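These notes concern the structure reproduced below.
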Number of protein chains: 2
Amino acid sequence: MKVRIFEVGPRDGLQNESEVLTVEQKIQFISLLLAAGHKDIEAGAFVRPDKIPQMADTKNLLSRLPSAKNVNFWSLVPNERGYQDALASKVKNIAIFTAASETFNQKNINASIDESFERFKLFVPDAKKRKIKIRGYVSTAFGCPYEGKINPKVVLKVTERLVKLGCDELSIGDTIGVANPTQVHALAKKLLKIAGPKKLALHFHDTRGTALANILAGLEEGVRAFDSSSAGIGGCPYAPGAAGNVATDDLLYMLSEMGIETGINLKLQVKASEFVQRILGRKLPSKYLQAALATP
Amino acid sequence: MKVRIFEVGPRDGLQNESEVLTVEQKIQFISLLLAAGHKDIEAGAFVRPDKIPQMADTKNLLSRLPSAKNVNFWSLVPNERGYQDALASKVKNIAIFTAASETFNQKNINASIDESFERFKLFVPDAKKRKIKIRGYVSTAFGCPYEGKINPKVVLKVTERLVKLGCDELSIGDTIGVANPTQVHALAKKLLKIAGPKKLALHFHDTRGTALANILAGLEEGVRAFDSSSAGIGGCPYAPGAAGNVATDDLLYMLSEMGIETGINLKLQVKASEFVQRILGRKLPSKYLQAALATP
């Protein structure tokens, strides 16, 4: 069995860390990820530099990334303005995002779910024409910090709209880390009917320790792509000090022990995670990383 | 569905912490566990006080525990000498331990697996006559720090011997936290044929972040009892600084979100874990605990 790991550390991870890395540090981090074998790396975001200083150097970063065969570098694009900047940077892969919770979407990007689709319509058709690959994120698909439980029907509807819009792949996210395996089994089964295993990725946060169990539930349903963040960087804005994105290290350990191929070398992944941990200067949430660093 | 959580924090957890709690602190910890609804608590060990100072007060502790209806307090008993001390303390439940790895057993208790059974024969029949309940631990059932992978046949054989010896329940342990869900599926299926869901417990360590995924695999096979430690206390002697026992908090969160009954109140469990974290004075490995303490 093969599983695709989609590394979100350099964007989703670093965007939520208070420490802002230099372009040189990011290049070093991404180079270590490439050495480990990563083929999908979310590298930057075309967002407002005054609002998100962690991503302010995206244009510069993308222009200096090492060329790598068969590697997709992804950039987050929130709106048409960001899309124009992305085009100027000659990106080949963009990610757009909306949510399954109206309240969350409103607070996160100041738009209703419908309004976020209005924004997409301003640039997604052009991206399609240019054969730019598009990833669609659905946030708060398993629970919302404001609304609590989310109706799975809404998740399915939003996902379907993103498919119809032309997204090449979908990433359905447990933004605050509240999902449980029973819920994942039920939702993944339905999502796969809309998106299929080549299009669908699940994006779990390990805020309450359940991410790998949720991934296992997804795997058992037939999901074959998962997002993760080196060393678990990123944290959780809704529970400061708690864990956020599931750690690539932990995910990779579990998958490789299960005999599942990912094309990523765990020892080299640890080098990348160790590098980030050194820069951020604190013990990061990946349990595998801490065990690996503690044993000779 | 109902699942039994067996709390090992006050023994397995505290025994592996460098800080030695006072009897008063242990009583307070155990009282908080009782308030949360725990019915099985591993409270002490009749081991050499010079070797394991963390457990030196077991006799005193047991004599002062609050009386609690339908609660089993368990004590670890390594040999006949310990058994005599346990008898003097009028224990009703004892735990004995051996391993699936010869090298581990030799290094851990200076005995071959056969020799550990010779030791059991010196006191287990007497315990049976007195209707003392006996729990048999099998360490390193999923991997050994010295031997690496463990032959499942050896695990099954050792488990079978413990059943024949008269153990009322078995706890099959991933002592160093290397198990993966595929392995758990395969082994749990076979273990259940030997021990059955009323006798079998699985004991996972979260050293590499996979404990809840392994528990999910066990659940799916029909295992209905799991060991865990409040806040994940205990650490891993083979990877200092890494996580050890799976955290009761994380396990409880996952199970309750899955709609599985445990009889334990998660909010009150957090009180017990928070108490221990305060005493140990460091951020403990439970991710749920950290999230709960970070959110109002």
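Ordering of the structure tokens sets the chain letters (A, B, ...); residue numbers start at 1 within each chain; ligands are numbered from 1 in the order shown.
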
Where does chain A meet chain B within 6 Å, residue by residue, with the nearest atom pair and distance in Å to one decimal for each, counting only C-alpha atoms, listed by chain and rising number, as a tab-separated table?
residue	atom	partner	partner_atom	distance
A:Thr182	CA	B:Met258	CA	5.6
A:Arg208	CA	B:Tyr288	CA	4.0
A:Gly209	CA	B:Lys287	CA	5.2
A:Leu212	CA	B:Ala213	CA	5.6
A:Ala213	CA	B:Ala213	CA	3.9
A:Ala239	CA	B:Ala294	CA	4.9
A:Pro240	CA	B:Ala294	CA	5.8
A:Ala242	CA	B:Ala291	CA	5.0
A:Asp250	CA	B:Gly209	CA	5.9
A:Met258	CA	B:Thr182	CA	5.6
A:Lys287	CA	B:Arg208	CA	4.9
A:Tyr288	CA	B:Arg208	CA	4.0
A:Gln290	CA	B:Ala242	CA	5.4
A:Ala291	CA	B:Ala242	CA	4.9
A:Ala294	CA	B:Ala239	CA	4.9
A:Thr295	CA	B:Ala239	CA	5.3

Could you list, as a short mmCIF file (atom, residue, chain, number, x, y, z; two decimals) with N, CA and C atoms, in the first residue's frame, every residue within 9 Å of stretch 103-117 of chain A, counting only C-alpha atoms and ignoring same-chain residues fewer than 6 positions away?
data_model
loop_
_atom_site.label_atom_id
_atom_site.label_comp_id
_atom_site.auth_asym_id
_atom_site.auth_seq_id
_atom_site.Cartn_x
_atom_site.Cartn_y
_atom_site.Cartn_z
N PRO A 78 -5.50 33.25 -0.81
CA PRO A 78 -6.80 33.50 -0.20
C PRO A 78 -7.78 34.22 -1.11
N ASN A 79 -7.27 34.93 -2.12
CA ASN A 79 -8.17 35.78 -2.93
C ASN A 79 -7.48 36.17 -4.24
N PHE A 97 -8.89 28.07 0.47
CA PHE A 97 -9.51 27.52 1.69
C PHE A 97 -10.84 28.16 2.03
N SER A 139 -11.88 23.71 6.29
CA SER A 139 -11.54 23.78 7.72
C SER A 139 -12.72 23.35 8.58
N THR A 140 -12.44 23.09 9.83
CA THR A 140 -13.44 22.78 10.87
C THR A 140 -14.46 21.74 10.41
N CYS A 144 -15.91 22.79 15.44
CA CYS A 144 -15.61 24.21 15.29
C CYS A 144 -15.44 24.83 16.68
N PRO A 145 -14.48 25.73 16.85
CA PRO A 145 -14.31 26.34 18.17
C PRO A 145 -15.52 27.20 18.58
N TYR A 146 -16.32 27.61 17.60
CA TYR A 146 -17.46 28.46 17.90
C TYR A 146 -18.78 27.69 17.86
N GLU A 147 -18.92 26.82 16.87
CA GLU A 147 -20.19 26.14 16.68
C GLU A 147 -20.24 24.73 17.28
N VAL A 158 -19.89 21.34 0.99
CA VAL A 158 -18.78 22.25 0.70
C VAL A 158 -17.72 21.53 -0.14
N ARG A 161 -18.86 21.25 -3.68
CA ARG A 161 -18.76 22.53 -4.38
C ARG A 161 -17.32 22.78 -4.83
N LEU A 162 -16.36 22.41 -3.99
CA LEU A 162 -14.95 22.59 -4.35
C LEU A 162 -14.56 21.68 -5.52
N LEU A 165 -15.99 23.20 -8.56
CA LEU A 165 -15.23 24.41 -8.88
C LEU A 165 -13.99 24.07 -9.71
#

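Proximity of A:Asp174, A:Val77, A:Val163, A:Ser229 to A:Ala127, computed with only C-alpha atoms, is greatest for A:Val77.
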
*Find the residues near stretch 186-193 of chain A: any atom within 10 Å, counting only C-alpha atoms, skip ones fewer than 5 places away on the same chain, and give them as a PyMOL selection string.*
chain A and resi 141-142+152-153+155-157+159-160+170+172+181+198-202+217-223

_Applying 6 Å and only C-alpha atoms, which residues near A:Ala225 remain after dropping the ones on its own chain fewer than 4 positions away? List them as a VMD selection string._
chain A and resid 3 to 5 201

Can those selected residues be exported to a file as a PDB file, in the first residue's frame so that it contains all heavy atoms?
ATOM      1  N   VAL A   3       0.917   5.512   0.526  1.00  0.00           N
ATOM      2  CA  VAL A   3       0.228   6.677   1.077  1.00  0.00           C
ATOM      3  C   VAL A   3       1.039   7.926   0.757  1.00  0.00           C
ATOM      4  O   VAL A   3       2.272   7.912   0.797  1.00  0.00           O
ATOM      5  CB  VAL A   3       0.010   6.520   2.597  1.00  0.00           C
ATOM      6  CG1 VAL A   3      -0.226   7.864   3.259  1.00  0.00           C
ATOM      7  CG2 VAL A   3      -1.176   5.594   2.880  1.00  0.00           C
ATOM      8  N   ARG A   4       0.324   8.983   0.430  1.00  0.00           N
ATOM      9  CA  ARG A   4       0.975  10.252   0.113  1.00  0.00           C
ATOM     10  C   ARG A   4       0.945  11.153   1.349  1.00  0.00           C
ATOM     11  O   ARG A   4      -0.125  11.404   1.908  1.00  0.00           O
ATOM     12  CB  ARG A   4       0.198  10.887  -1.043  1.00  0.00           C
ATOM     13  CG  ARG A   4       0.663  12.252  -1.482  1.00  0.00           C
ATOM     14  CD  ARG A   4      -0.144  12.646  -2.723  1.00  0.00           C
ATOM     15  NE  ARG A   4       0.026  14.038  -3.053  1.00  0.00           N
ATOM     16  CZ  ARG A   4      -0.967  14.902  -3.237  1.00  0.00           C
ATOM     17  NH1 ARG A   4      -2.229  14.486  -3.138  1.00  0.00           N
ATOM     18  NH2 ARG A   4      -0.731  16.158  -3.530  1.00  0.00           N
ATOM     19  N   ILE A   5       2.106  11.585   1.765  1.00  0.00           N
ATOM     20  CA  ILE A   5       2.178  12.535   2.874  1.00  0.00           C
ATOM     21  C   ILE A   5       2.380  13.933   2.300  1.00  0.00           C
ATOM     22  O   ILE A   5       3.283  14.161   1.487  1.00  0.00           O
ATOM     23  CB  ILE A   5       3.333  12.175   3.844  1.00  0.00           C
ATOM     24  CG1 ILE A   5       3.003  10.861   4.569  1.00  0.00           C
ATOM     25  CG2 ILE A   5       3.563  13.301   4.844  1.00  0.00           C
ATOM     26  CD1 ILE A   5       4.027  10.453   5.596  1.00  0.00           C
ATOM     27  N   ALA A 201      -7.539  14.157   0.666  1.00  0.00           N
ATOM     28  CA  ALA A 201      -6.584  14.076   1.771  1.00  0.00           C
ATOM     29  C   ALA A 201      -7.314  14.445   3.055  1.00  0.00           C
ATOM     30  O   ALA A 201      -8.269  15.231   3.036  1.00  0.00           O
ATOM     31  CB  ALA A 201      -5.421  15.042   1.542  1.00  0.00           C
TER      32      ALA A 201
END

*Out of stretch 23-265 of chain B, which residues get helix (DSSP H, G or I) from DSSP, as a PyMOL selection string?*
chain B and resi 23-36+53-55+58-64+80-88+102-109+113-121+124-129+152-165+181-195+211-221+230-232+248-257

*Any idea what's packed within 8 Å of A:Phe73, counting only C-alpha atoms, ignoring anything in its chain fewer than 3 positions away? Could you give it as a list in words?*
Asp40, Ile41, Glu42, Ala43, Val91, Lys92 and Asn93 of chain A

Selected residues written out with all heavy atoms, as a compact mmCIF listing (two decimals), in the first residue's frame:
# COMPACT_ATOMS: atom_id res chain seq x y z
N ASP A 40 5.42 16.71 -1.85
CA ASP A 40 4.41 17.76 -1.74
C ASP A 40 4.72 18.60 -0.52
O ASP A 40 4.65 18.12 0.60
CB ASP A 40 3.01 17.15 -1.59
CG ASP A 40 2.49 16.60 -2.90
OD1 ASP A 40 2.14 17.41 -3.78
OD2 ASP A 40 2.45 15.36 -3.05
N ILE A 41 5.08 19.84 -0.76
CA ILE A 41 5.46 20.72 0.34
C ILE A 41 4.71 22.04 0.21
O ILE A 41 4.81 22.73 -0.81
CB ILE A 41 6.99 20.99 0.34
CG1 ILE A 41 7.75 19.65 0.46
CG2 ILE A 41 7.37 21.95 1.46
CD1 ILE A 41 9.26 19.78 0.30
N GLU A 42 3.96 22.36 1.24
CA GLU A 42 3.29 23.66 1.27
C GLU A 42 4.32 24.66 1.77
O GLU A 42 4.75 24.61 2.93
CB GLU A 42 2.09 23.58 2.22
CG GLU A 42 1.09 24.69 2.00
CD GLU A 42 -0.13 24.51 2.88
OE1 GLU A 42 0.01 24.58 4.13
OE2 GLU A 42 -1.22 24.29 2.32
N ALA A 43 4.74 25.55 0.86
CA ALA A 43 5.93 26.35 1.16
C ALA A 43 5.62 27.78 1.59
O ALA A 43 6.38 28.37 2.36
CB ALA A 43 6.85 26.36 -0.04
N VAL A 91 3.86 30.25 -9.81
CA VAL A 91 3.53 29.03 -9.06
C VAL A 91 2.83 28.02 -9.97
O VAL A 91 2.16 28.40 -10.94
CB VAL A 91 2.61 29.32 -7.85
CG1 VAL A 91 3.26 30.30 -6.90
CG2 VAL A 91 1.25 29.81 -8.31
N LYS A 92 2.98 26.76 -9.64
CA LYS A 92 2.32 25.70 -10.40
C LYS A 92 1.20 25.03 -9.61
O LYS A 92 0.42 24.26 -10.14
CB LYS A 92 3.35 24.65 -10.81
CG LYS A 92 4.32 25.17 -11.86
CD LYS A 92 5.33 24.10 -12.23
CE LYS A 92 6.34 24.65 -13.24
NZ LYS A 92 7.54 23.83 -13.29
N ASN A 93 1.19 25.33 -8.30
CA ASN A 93 0.21 24.69 -7.42
C ASN A 93 -0.27 25.69 -6.38
O ASN A 93 0.54 26.30 -5.69
CB ASN A 93 0.85 23.51 -6.66
CG ASN A 93 1.62 22.58 -7.58
OD1 ASN A 93 1.03 21.78 -8.30
ND2 ASN A 93 2.95 22.71 -7.58

Can you tell me, as an mmCIF file with N, CA, C and O atoms, in the first residue's frame, what residues are no more than 10 Å from A:Asp85 when counting only C-alpha atoms, ignoring any on the same chain fewer than 2 positions away?
data_model
loop_
_atom_site.group_PDB
_atom_site.id
_atom_site.type_symbol
_atom_site.label_atom_id
_atom_site.label_comp_id
_atom_site.auth_asym_id
_atom_site.auth_seq_id
_atom_site.Cartn_x
_atom_site.Cartn_y
_atom_site.Cartn_z
ATOM 1 N N ALA A 45 2.558 31.434 1.469
ATOM 2 C CA ALA A 45 1.190 31.936 1.347
ATOM 3 C C ALA A 45 1.238 33.370 0.844
ATOM 4 O O ALA A 45 2.033 34.189 1.330
ATOM 5 N N PHE A 46 0.373 33.661 -0.135
ATOM 6 C CA PHE A 46 0.299 35.025 -0.663
ATOM 7 C C PHE A 46 -0.774 35.796 0.099
ATOM 8 O O PHE A 46 -1.858 36.049 -0.406
ATOM 9 N N VAL A 47 -0.407 36.119 1.321
ATOM 10 C CA VAL A 47 -1.327 36.796 2.234
ATOM 11 C C VAL A 47 -0.740 38.157 2.603
ATOM 12 O O VAL A 47 0.390 38.473 2.215
ATOM 13 N N THR A 58 7.263 35.069 1.083
ATOM 14 C CA THR A 58 6.915 33.955 0.187
ATOM 15 C C THR A 58 7.476 34.131 -1.223
ATOM 16 O O THR A 58 8.048 33.199 -1.798
ATOM 17 N N LYS A 59 7.318 35.344 -1.782
ATOM 18 C CA LYS A 59 7.798 35.582 -3.149
ATOM 19 C C LYS A 59 9.306 35.312 -3.252
ATOM 20 O O LYS A 59 9.769 34.571 -4.128
ATOM 21 N N VAL A 77 -3.429 30.686 -1.381
ATOM 22 C CA VAL A 77 -3.919 31.873 -2.080
ATOM 23 C C VAL A 77 -5.327 32.174 -1.567
ATOM 24 O O VAL A 77 -6.257 31.434 -1.861
ATOM 25 N N GLU A 80 -8.166 36.999 -5.007
ATOM 26 C CA GLU A 80 -7.652 37.346 -6.332
ATOM 27 C C GLU A 80 -6.334 38.106 -6.267
ATOM 28 O O GLU A 80 -5.434 37.878 -7.066
ATOM 29 N N ARG A 81 -6.259 38.982 -5.290
ATOM 30 C CA ARG A 81 -5.026 39.757 -5.098
ATOM 31 C C ARG A 81 -3.838 38.811 -4.858
ATOM 32 O O ARG A 81 -2.777 38.922 -5.470
ATOM 33 N N GLY A 82 -4.046 37.839 -3.948
ATOM 34 C CA GLY A 82 -3.014 36.839 -3.670
ATOM 35 C C GLY A 82 -2.700 36.012 -4.900
ATOM 36 O O GLY A 82 -1.548 35.660 -5.168
ATOM 37 N N TYR A 83 -3.748 35.746 -5.694
ATOM 38 C CA TYR A 83 -3.550 34.953 -6.908
ATOM 39 C C TYR A 83 -2.651 35.678 -7.899
ATOM 40 O O TYR A 83 -1.781 35.070 -8.536
ATOM 41 N N LEU A 87 0.757 34.309 -9.366
ATOM 42 C CA LEU A 87 1.059 34.219 -10.800
ATOM 43 C C LEU A 87 2.408 34.854 -11.111
ATOM 44 O O LEU A 87 3.210 34.293 -11.874
ATOM 45 N N ALA A 88 2.639 36.014 -10.514
ATOM 46 C CA ALA A 88 3.912 36.717 -10.736
ATOM 47 C C ALA A 88 5.080 35.846 -10.278
ATOM 48 O O ALA A 88 6.193 35.957 -10.801
ATOM 49 N N SER A 89 4.816 34.966 -9.292
ATOM 50 C CA SER A 89 5.863 34.061 -8.810
ATOM 51 C C SER A 89 5.897 32.750 -9.586
ATOM 52 O O SER A 89 6.609 31.820 -9.218
ATOM 53 N N LYS A 90 5.082 32.668 -10.634
ATOM 54 C CA LYS A 90 5.052 31.480 -11.502
ATOM 55 C C LYS A 90 4.766 30.180 -10.762
ATOM 56 O O LYS A 90 5.383 29.143 -11.030
ATOM 57 N N VAL A 91 3.856 30.251 -9.811
ATOM 58 C CA VAL A 91 3.527 29.029 -9.064
ATOM 59 C C VAL A 91 2.826 28.021 -9.968
ATOM 60 O O VAL A 91 2.165 28.396 -10.938
#

*Using DSSP on the backbone, list every residue of stretch 74-119 of chain A that comes out as strand (DSSP E or B), and give them as an MDAnalysis selection string.*
chainID A and resid 74:76 93:99

Could you dump the residues just selected with all heavy atoms as a short mmCIF file (atom, residue, chain, number, x, y, z; two decimals), in the first residue's frame?
data_model
loop_
_atom_site.label_atom_id
_atom_site.label_comp_id
_atom_site.auth_asym_id
_atom_site.auth_seq_id
_atom_site.Cartn_x
_atom_site.Cartn_y
_atom_site.Cartn_z
N TRP A 74 3.55 24.06 -2.93
CA TRP A 74 2.21 24.64 -2.89
C TRP A 74 2.22 25.98 -2.17
O TRP A 74 2.96 26.17 -1.19
CB TRP A 74 1.26 23.70 -2.15
CG TRP A 74 1.08 22.37 -2.84
CD1 TRP A 74 1.94 21.30 -2.77
CD2 TRP A 74 0.00 21.98 -3.71
NE1 TRP A 74 1.45 20.26 -3.54
CE2 TRP A 74 0.27 20.64 -4.11
CE3 TRP A 74 -1.15 22.61 -4.17
CZ2 TRP A 74 -0.60 19.94 -4.97
CZ3 TRP A 74 -2.01 21.91 -5.00
CH2 TRP A 74 -1.73 20.59 -5.40
N SER A 75 1.37 26.89 -2.63
CA SER A 75 1.23 28.18 -1.96
C SER A 75 -0.24 28.47 -1.69
O SER A 75 -1.08 28.26 -2.56
CB SER A 75 1.77 29.32 -2.83
OG SER A 75 3.13 29.11 -3.10
N LEU A 76 -0.49 28.98 -0.51
CA LEU A 76 -1.85 29.34 -0.16
C LEU A 76 -2.23 30.66 -0.84
O LEU A 76 -1.44 31.61 -0.82
CB LEU A 76 -1.94 29.50 1.36
CG LEU A 76 -3.32 29.30 1.97
CD1 LEU A 76 -3.74 27.84 1.83
CD2 LEU A 76 -3.31 29.69 3.44
N ASN A 93 1.19 25.33 -8.30
CA ASN A 93 0.21 24.69 -7.42
C ASN A 93 -0.27 25.69 -6.38
O ASN A 93 0.54 26.30 -5.69
CB ASN A 93 0.85 23.51 -6.66
CG ASN A 93 1.62 22.58 -7.58
OD1 ASN A 93 1.03 21.78 -8.30
ND2 ASN A 93 2.95 22.71 -7.58
N ILE A 94 -1.57 25.84 -6.29
CA ILE A 94 -2.09 26.74 -5.27
C ILE A 94 -3.10 26.02 -4.38
O ILE A 94 -3.67 25.00 -4.76
CB ILE A 94 -2.77 28.00 -5.87
CG1 ILE A 94 -3.98 27.60 -6.73
CG2 ILE A 94 -1.77 28.83 -6.68
CD1 ILE A 94 -4.82 28.79 -7.20
N ALA A 95 -3.25 26.56 -3.17
CA ALA A 95 -4.26 26.02 -2.26
C ALA A 95 -5.22 27.14 -1.89
O ALA A 95 -4.80 28.27 -1.63
CB ALA A 95 -3.59 25.47 -1.00
N ILE A 96 -6.51 26.81 -1.91
CA ILE A 96 -7.53 27.78 -1.51
C ILE A 96 -8.25 27.20 -0.29
O ILE A 96 -8.19 26.00 -0.05
CB ILE A 96 -8.53 28.05 -2.65
CG1 ILE A 96 -9.27 26.76 -3.06
CG2 ILE A 96 -7.80 28.64 -3.86
CD1 ILE A 96 -10.32 26.95 -4.15
N PHE A 97 -8.89 28.07 0.47
CA PHE A 97 -9.51 27.52 1.69
C PHE A 97 -10.84 28.16 2.03
O PHE A 97 -11.05 29.35 1.86
CB PHE A 97 -8.56 27.61 2.88
CG PHE A 97 -8.06 29.00 3.16
CD1 PHE A 97 -8.68 29.82 4.11
CD2 PHE A 97 -6.97 29.52 2.48
CE1 PHE A 97 -8.22 31.11 4.36
CE2 PHE A 97 -6.50 30.80 2.73
CZ PHE A 97 -7.13 31.59 3.66
N THR A 98 -11.72 27.29 2.52
CA THR A 98 -12.98 27.72 3.09
C THR A 98 -13.24 26.81 4.29
O THR A 98 -12.34 26.07 4.70
CB THR A 98 -14.12 27.68 2.04
OG1 THR A 98 -15.32 28.21 2.62
CG2 THR A 98 -14.39 26.25 1.56
N ALA A 99 -14.43 26.90 4.87
CA ALA A 99 -14.68 26.11 6.08
C ALA A 99 -16.04 25.44 6.01
O ALA A 99 -16.87 25.76 5.16
CB ALA A 99 -14.59 27.01 7.31
#

*Grab the atom CA of A:Pro10 to atom CA of A:Lys69 distance for me, in Å with one decimal place.*
18.9 Å

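Candidate residues A:Ala86, A:Val276, A:Val184, A:Met55 were compared for distance to A:Asn16, and the nearest is A:Met55, using only C-alpha atoms.
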
*Kindly give the distance, in Å, that separates atom CA of A:Lys133 and atom CA of A:Cys167, rounded to a single decimal.*
7.6 Å

*Excluding same-chain residues fewer than 6 positions from B:Leu284, what lies within 10 Å of it counting only C-alpha atoms, as an MDAnalysis selection string?*
chainID B and resid 230:235 243 247 273:274 276:278 290

Go ahead and write the residues just picked, N, CA, C and O atoms, as a PDB file, in the first residue's frame.
ATOM      1  N   SER B 230      -2.424   8.391  34.347  1.00  0.00           N
ATOM      2  CA  SER B 230      -2.873   9.788  34.395  1.00  0.00           C
ATOM      3  C   SER B 230      -1.791  10.724  33.849  1.00  0.00           C
ATOM      4  O   SER B 230      -0.626  10.652  34.271  1.00  0.00           O
ATOM      5  N   ALA B 231      -2.181  11.586  32.952  1.00  0.00           N
ATOM      6  CA  ALA B 231      -1.290  12.598  32.366  1.00  0.00           C
ATOM      7  C   ALA B 231      -0.126  11.987  31.588  1.00  0.00           C
ATOM      8  O   ALA B 231       0.710  12.709  31.055  1.00  0.00           O
ATOM      9  N   GLY B 232      -0.085  10.645  31.529  1.00  0.00           N
ATOM     10  CA  GLY B 232       1.030   9.973  30.850  1.00  0.00           C
ATOM     11  C   GLY B 232       2.291   9.918  31.692  1.00  0.00           C
ATOM     12  O   GLY B 232       3.396   9.836  31.150  1.00  0.00           O
ATOM     13  N   ILE B 233       2.125   9.952  33.024  1.00  0.00           N
ATOM     14  CA  ILE B 233       3.330   9.897  33.878  1.00  0.00           C
ATOM     15  C   ILE B 233       4.052   8.560  33.690  1.00  0.00           C
ATOM     16  O   ILE B 233       3.458   7.561  33.321  1.00  0.00           O
ATOM     17  N   GLY B 234       5.338   8.582  33.967  1.00  0.00           N
ATOM     18  CA  GLY B 234       6.128   7.358  33.891  1.00  0.00           C
ATOM     19  C   GLY B 234       7.327   7.443  32.965  1.00  0.00           C
ATOM     20  O   GLY B 234       8.379   6.894  33.249  1.00  0.00           O
ATOM     21  N   GLY B 235       7.161   8.157  31.852  1.00  0.00           N
ATOM     22  CA  GLY B 235       8.280   8.276  30.919  1.00  0.00           C
ATOM     23  C   GLY B 235       8.748   6.934  30.394  1.00  0.00           C
ATOM     24  O   GLY B 235       8.123   5.907  30.618  1.00  0.00           O
ATOM     25  N   ALA B 243       7.897  10.132  25.918  1.00  0.00           N
ATOM     26  CA  ALA B 243       6.675   9.720  26.606  1.00  0.00           C
ATOM     27  C   ALA B 243       6.699   8.219  26.891  1.00  0.00           C
ATOM     28  O   ALA B 243       7.375   7.456  26.203  1.00  0.00           O
ATOM     29  N   ALA B 247      -1.549   8.235  28.038  1.00  0.00           N
ATOM     30  CA  ALA B 247      -2.215   9.058  29.048  1.00  0.00           C
ATOM     31  C   ALA B 247      -3.691   8.679  29.181  1.00  0.00           C
ATOM     32  O   ALA B 247      -4.402   8.580  28.169  1.00  0.00           O
ATOM     33  N   SER B 273      -4.979  14.530  36.990  1.00  0.00           N
ATOM     34  CA  SER B 273      -3.758  14.687  36.187  1.00  0.00           C
ATOM     35  C   SER B 273      -3.088  16.031  36.457  1.00  0.00           C
ATOM     36  O   SER B 273      -1.864  16.130  36.523  1.00  0.00           O
ATOM     37  N   GLU B 274      -3.905  17.055  36.607  1.00  0.00           N
ATOM     38  CA  GLU B 274      -3.388  18.390  36.887  1.00  0.00           C
ATOM     39  C   GLU B 274      -2.650  18.391  38.232  1.00  0.00           C
ATOM     40  O   GLU B 274      -1.578  18.991  38.373  1.00  0.00           O
ATOM     41  N   VAL B 276      -1.115  15.846  39.647  1.00  0.00           N
ATOM     42  CA  VAL B 276       0.184  15.174  39.485  1.00  0.00           C
ATOM     43  C   VAL B 276       1.164  16.058  38.726  1.00  0.00           C
ATOM     44  O   VAL B 276       2.348  16.137  39.061  1.00  0.00           O
ATOM     45  N   GLN B 277       0.672  16.741  37.702  1.00  0.00           N
ATOM     46  CA  GLN B 277       1.556  17.622  36.933  1.00  0.00           C
ATOM     47  C   GLN B 277       2.126  18.728  37.820  1.00  0.00           C
ATOM     48  O   GLN B 277       3.295  19.094  37.702  1.00  0.00           O
ATOM     49  N   ARG B 278       1.278  19.234  38.729  1.00  0.00           N
ATOM     50  CA  ARG B 278       1.737  20.294  39.632  1.00  0.00           C
ATOM     51  C   ARG B 278       2.847  19.765  40.528  1.00  0.00           C
ATOM     52  O   ARG B 278       3.864  20.423  40.736  1.00  0.00           O
ATOM     53  N   GLN B 290      -2.908  19.021  28.226  1.00  0.00           N
ATOM     54  CA  GLN B 290      -2.366  20.346  27.884  1.00  0.00           C
ATOM     55  C   GLN B 290      -3.428  21.199  27.179  1.00  0.00           C
ATOM     56  O   GLN B 290      -3.530  22.405  27.422  1.00  0.00           O
TER      57      GLN B 290
END

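Atom CA of A:Pro49 to atom CA of A:Pro237 spans 18.9 Å [interatomic distance, one decimal].
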
*With only C-alpha atoms as the basis for distance, which of B:Gly173, B:Gly263, B:Pro125, B:Gly196 is at the shortest distance from B:Val138?*
B:Gly173
